[in-house]
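Take a look at the structure set out below.
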Amino acid sequence: MTKWIYIEDIASYEDQDVEIRGWLYNKRSCGKIRFLLVRDGTGIIQATLFTPEKEGLLFQKYDQLTQESSLIVRGKVKKDNRAPGGYELEVQNLDIIQIAQDYPITPKEHSTSFLMEHRHLWLRSQKQNAILQIRATLINAIRNFFDDRGFRLMDTPILTPSACEGTTTLFETQYFDQKAYLSQSGQLYNEATAMAFGKVYCFGPTFRAERSKTRRHLIEFWMVEPEIAYAVLEDIIELSEDLLLFIIERVLEKRKNELDILERDTAPLEKIRKPFPRVKYDEAVKRIKEKGLDIKWGEDFGAPHETCLSDIFDSPVCVTHFPAKIKAFYMQPDEKKPEVVLGLDVLASEGYGELIGGGQRIHDPNLIQQKIKEHNLPREAYEWYIDLRKYGSVPHSGFGLGIERTLAWLCKISHIRQTIPFPRLLYKIYP
RNA sequence: UCCUCGGUAGCUCAAUCGGCAGAGCGGGUGGCUGUUAACCACUAGGUUGUAGGUUCGAGUCCUACCCGAGGAGCCA
C-alpha cells in the first residue's frame, strides 16, 4: 500500500512513493509529456505523466480529466525547480473518482458577483484558500493568547431577551411565545462571568441588522471579547497591544507561504512595536482638523476620519476619552472630565479602520441606573445587570476584537467578504 | 436608506453618429517530449436583465421596474 499524504508535507517524502487524494486544479500538455496540477486542500502539486506511446492508459485518463475532477494519484516525489512549489510527482498510477462537468470558475477573471454566487466553489481557489488558512491560524492564536494568560472561556448566549446597547440593529426572532434577539455582543453577560471567574473571554458570532453596505461590514461576524474584573482602562490598552502583537507574530511565523500567495508585503506588520501611539479624542479631532477634514468636537469618526488617523501614525492607534454621548450607556466617565468616557478604540494601520472597541465599565450602582434611565432602556430587562453593581461591584474593563476586520488587515485584502467562508451581506444570504 | 456606475455567448469584455452580434477564456476536435493562467490550428456556442415607447431601423435613445458593483451613514 502506498502511503496517503497531504501536499503540505511533501518535502519530507522526497524520492518516496506516495498517494495524493485531491482534485484537478489545472492541466497542461506538451507532446508526449502531460502535467496535472493537483490540489488537496493543503496545497497544489504538479504531477507529471510520461508514456512512450500516446495511446497509453495514463494518457487516456488525462484526456478525460476536467477542471475540479476528483482523483487519486500515486507516484514518486521528485525535487524539481521547474515545478511550481519545487516538488513534483512522477505519476505511476491514476484513479479517477469523478469527472466534473463544466466547472464554472475558469482560470480567468470573474466578476465579484459571479464569484459570490459560487462562493461554495470559490473557496477552492488558491487565494481564498490562503485567506481562510490564515483565519484558522488567527483564531487559534487568539485562543492560545487568552488561554495561556489564565482567561476562562465563557460562551455567552446567542438568543437574548434584550438589546445590549440599543434596539435598532437587532435581528428579531420568535422564542416560543415571546420575542428574542440575536446577540450583537457577549459583553453584558461577560461582565457577569468576570465577577464569577476574574478574567474571561467569549468567542462567537454576532449579528447586526444594519443596512450597511461597505467593504468593512458583515451582517454576521465573529468577535472575541475579553473582560477583566478590577481592570482599568490602562490595563486593557496594554492587553490589546499584547494581543495584536501576538497574533501578528504568530501569523507571520506560521503563514508566510499564504501571505506570499496573497502578495502581502509583510514589512508594515513586522515594524509594529508597542506601545502603540495613544491619542485622546480631543487631540484626535485636532489632528484630523489639521489635515483639512471637517469634524466638530462631539461627532463620531466616519470612515475618512479613521483613515486619516491611521495615516498619521505608521502603526495601530489607541484612541481614548470619547464624548459620552457618542458611546454606549455603560461607559465609565472620566473623573477629571465627566463629559468624556474611558472608552478605547484601536484603529488598524494601513486604513483598515476600527479593530477593537471597548473600555472601562461603570461600576457605581446609582450611576448605572441613572444611565439606563437616560438612554430609555427597559429597566426590567437590566435588573440582573444592575445586580452586578449591587453585590460586590468593582471597576472592570474589556473590549471586543472583530475577527474579519483583523484578518482583512493582516492579509491586506480589499473587502471583508473574503475573510469568512460564507459571508452574510446586506440582502445576500446565498449560498 | 441615500449617491454613483453597470447588466451583450457558460465566464470576462468589445460593438464608432441609431445601420450585418464580435474577441479572449472555458467546451469539442487535432498538433507539440518540461509546461508555468502553456502554446498553435480548426469548431460549436446569442430572446443583448424585464416590460413598454420613439424610429424605416434600437445592444445603442426615452420611461418604469428588477438585479449587481462601488461609496456614504452606522459600527467591530
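Residues in the C-alpha cells are numbered from 1 in each chain, the chains being A, B, ... in the order shown, and ligands are numbered from 1 in the order shown.
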
Check: Met116 of chain A: which residues within 10 Å, counting only C-alpha atoms (C1' of nucleotides), same-chain residues fewer than 6 positions away excluded, as a list in words?
Finding: Trp122, Arg417, Gln418, Phe422, Pro423, Lys428, Tyr430 and Pro431 of chain A

Save the residues we just selected, all heavy atoms, as a short mmCIF file (atom, residue, chain, number, x, y, z; two decimals), in the first residue's frame?
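To be explicit, this is the file written out as part.cif:
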```
data_model
loop_
_atom_site.label_atom_id
_atom_site.label_comp_id
_atom_site.auth_asym_id
_atom_site.auth_seq_id
_atom_site.Cartn_x
_atom_site.Cartn_y
_atom_site.Cartn_z
N TRP A 122 -15.79 28.86 -4.94
CA TRP A 122 -14.71 29.85 -4.93
C TRP A 122 -13.70 29.53 -3.82
O TRP A 122 -12.51 29.81 -3.93
CB TRP A 122 -15.32 31.26 -4.74
CG TRP A 122 -14.37 32.39 -4.96
CD1 TRP A 122 -13.20 32.39 -5.66
CD2 TRP A 122 -14.53 33.74 -4.46
NE1 TRP A 122 -12.62 33.65 -5.63
CE2 TRP A 122 -13.42 34.48 -4.91
CE3 TRP A 122 -15.50 34.38 -3.69
CZ2 TRP A 122 -13.26 35.84 -4.61
CZ3 TRP A 122 -15.34 35.73 -3.40
CH2 TRP A 122 -14.24 36.45 -3.85
N ARG A 417 -15.66 40.56 2.80
CA ARG A 417 -16.46 39.37 2.43
C ARG A 417 -15.59 38.15 2.15
O ARG A 417 -16.08 37.03 2.17
CB ARG A 417 -17.34 39.67 1.21
CG ARG A 417 -16.56 39.95 -0.03
CD ARG A 417 -17.45 40.39 -1.18
NE ARG A 417 -16.62 41.15 -2.09
CZ ARG A 417 -17.02 42.19 -2.80
NH1 ARG A 417 -18.25 42.60 -2.74
NH2 ARG A 417 -16.19 42.83 -3.60
N GLN A 418 -14.29 38.38 1.86
CA GLN A 418 -13.42 37.25 1.57
C GLN A 418 -12.82 36.62 2.82
O GLN A 418 -12.09 35.64 2.73
CB GLN A 418 -12.27 37.69 0.65
CG GLN A 418 -12.74 38.12 -0.72
CD GLN A 418 -11.59 38.57 -1.61
OE1 GLN A 418 -10.53 37.98 -1.62
NE2 GLN A 418 -11.82 39.65 -2.35
N PHE A 422 -18.55 31.83 4.40
CA PHE A 422 -19.84 32.18 3.78
C PHE A 422 -20.35 33.50 4.34
O PHE A 422 -21.10 33.52 5.31
CB PHE A 422 -20.85 31.05 3.99
CG PHE A 422 -20.45 29.78 3.27
CD1 PHE A 422 -19.78 28.77 3.95
CD2 PHE A 422 -20.68 29.63 1.92
CE1 PHE A 422 -19.36 27.62 3.29
CE2 PHE A 422 -20.26 28.49 1.24
CZ PHE A 422 -19.61 27.49 1.92
N PRO A 423 -19.94 34.62 3.73
CA PRO A 423 -20.30 35.92 4.28
C PRO A 423 -21.81 36.19 4.18
O PRO A 423 -22.43 35.85 3.18
CB PRO A 423 -19.52 36.90 3.41
CG PRO A 423 -19.24 36.18 2.15
CD PRO A 423 -19.12 34.74 2.52
N LYS A 428 -28.00 39.59 1.10
CA LYS A 428 -27.42 38.42 0.45
C LYS A 428 -27.18 37.30 1.45
O LYS A 428 -26.38 37.44 2.36
CB LYS A 428 -26.11 38.79 -0.25
CG LYS A 428 -26.34 39.76 -1.38
CD LYS A 428 -25.28 39.61 -2.44
CE LYS A 428 -25.26 38.22 -2.99
NZ LYS A 428 -24.85 38.16 -4.39
N TYR A 430 -27.19 33.83 0.11
CA TYR A 430 -26.93 32.63 -0.70
C TYR A 430 -25.49 32.66 -1.18
O TYR A 430 -25.04 33.72 -1.60
CB TYR A 430 -27.88 32.58 -1.90
CG TYR A 430 -27.61 31.40 -2.83
CD1 TYR A 430 -28.26 30.19 -2.64
CD2 TYR A 430 -26.68 31.51 -3.86
CE1 TYR A 430 -28.00 29.11 -3.47
CE2 TYR A 430 -26.40 30.44 -4.69
CZ TYR A 430 -27.07 29.24 -4.49
OH TYR A 430 -26.80 28.17 -5.30
N PRO A 431 -24.76 31.59 -1.18
CA PRO A 431 -25.14 30.25 -0.70
C PRO A 431 -24.99 30.17 0.82
O PRO A 431 -24.37 31.01 1.42
CB PRO A 431 -24.10 29.35 -1.37
CG PRO A 431 -22.92 30.21 -1.58
CD PRO A 431 -23.41 31.60 -1.77
#
```

Margin query: Show me, as an MDAnalysis selection string, every residue of chain B with an atom at most 9 Å from chain A, counting only C-alpha atoms (C1' of nucleotides).
Written below: chainID B and resid 1 10:12 25:27 31:39 68:76

Margin query: Please extract the residues of segment 173-296 of chain A with a backbone DSSP assignment of strand (DSSP E or B) and present them as a ChimeraX atom specification.
Written below: /A:173-175,178-182,199-207,220-229,278-280

Margin query: I need the alpha helix (DSSP H) residues of segment 62-218 of chain A per DSSP on the backbone, written as a PyMOL selection string.
Written below: chain A and resi 62-64+112-117+119-122+126-148+187-197

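Our summary of the geometry notes that atom CA of Phe322 of chain A is positioned 7.9 Å from atom CA of Asp282 of chain A.
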
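When the distance limit is 12 Å and only C-alpha atoms (C1' of nucleotides) are what count, the residues near G19 of chain B, minus those fewer than 6 positions from it on the same chain, are C56, G57, A58 and U60 of chain B.
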
If you keep N, CA and C atoms (P, O5', C5', C4', C3', O3' and C1' of nucleotides), can you produce a file of those selected residues as a JSON list (two decimals), in the first residue's frame?
```json
[["chain", "number", "residue", "atom", "x", "y", "z"],
["B", 56, "C", "P", -40.44, 56.50, -39.15],
["B", 56, "C", "O5'", -39.86, 55.13, -39.73],
["B", 56, "C", "C5'", -40.72, 54.29, -40.52],
["B", 56, "C", "C4'", -39.91, 53.14, -41.07],
["B", 56, "C", "C3'", -39.04, 52.41, -40.07],
["B", 56, "C", "O3'", -39.78, 51.43, -39.35],
["B", 56, "C", "C1'", -37.74, 52.91, -41.98],
["B", 57, "G", "P", -39.54, 51.24, -37.80],
["B", 57, "G", "O5'", -38.04, 50.72, -37.70],
["B", 57, "G", "C5'", -37.70, 49.41, -38.12],
["B", 57, "G", "C4'", -36.21, 49.22, -38.13],
["B", 57, "G", "C3'", -35.52, 49.43, -36.78],
["B", 57, "G", "O3'", -35.62, 48.28, -35.97],
["B", 57, "G", "C1'", -34.32, 50.55, -38.48],
["B", 58, "A", "P", -35.70, 48.43, -34.37],
["B", 58, "A", "O5'", -34.31, 49.10, -33.95],
["B", 58, "A", "C5'", -33.07, 48.43, -34.16],
["B", 58, "A", "C4'", -32.23, 48.51, -32.90],
["B", 58, "A", "C3'", -32.84, 47.80, -31.69],
["B", 58, "A", "O3'", -31.79, 47.28, -30.87],
["B", 58, "A", "C1'", -32.62, 50.08, -31.20],
["B", 60, "U", "P", -31.01, 49.38, -26.85],
["B", 60, "U", "O5'", -29.79, 50.40, -27.01],
["B", 60, "U", "C5'", -28.92, 50.69, -25.91],
["B", 60, "U", "C4'", -27.81, 51.59, -26.38],
["B", 60, "U", "C3'", -28.27, 52.98, -26.84],
["B", 60, "U", "O3'", -27.39, 53.97, -26.37],
["B", 60, "U", "C1'", -27.10, 51.88, -28.59]]
```

Checklist line | Neighbour list for Leu309 of chain A as an MDAnalysis selection string, cut-off 9 Å, only C-alpha atoms (C1' of nucleotides), skip fewer than 4 positions in-chain | finding: chainID A and resid 284 287:288 304:305 313 317 347 349 351

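The coordinates place atom CA of Glu306 of chain A at 13.6 Å from atom CA of Gly292 of chain A.
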
Check: Using only C-alpha atoms, which of the listed residues (A:Lys78, A:Lys61, A:Lys271, A:Arg135) sits closest to Pro421 of chain A?
Finding: A:Arg135

Next item on the list: Excluding Val341 of chain A and any residue of its chain fewer than 6 positions from it, enumerate the residues within 9 Å of it, using only C-alpha atoms (C1' of nucleotides), and give them as a ChimeraX atom specification.
Entry: /A:320-324,327,331-335,359-360

Notebook entry, point to check: Within 12 Å of U55 of chain B, counting only C-alpha atoms (C1' of nucleotides), which residues qualify if same-chain residues fewer than 4 places away don't, as a list in words?
Noted result: G18, C61 and C62 of chain B

Check: Nearest to Tyr6 of chain A among A:Pro205, A:Gly43, A:Gly150, A:Gly358, with distances taken over only C-alpha atoms: which residue is it?
Finding: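 Between A:Pro205, A:Gly43, A:Gly150, A:Gly358, the residue approaching Tyr6 of chain A most closely is A:Gly43.
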
Check: Any idea what's packed within 12 Å of U8 of chain B, counting only C-alpha atoms (C1' of nucleotides), ignoring anything in its chain fewer than 6 positions away? Could you give it as an NGL selection string?
Finding: :B and (14-15 or 21-22 or 46 or 48-49 or 59-60)
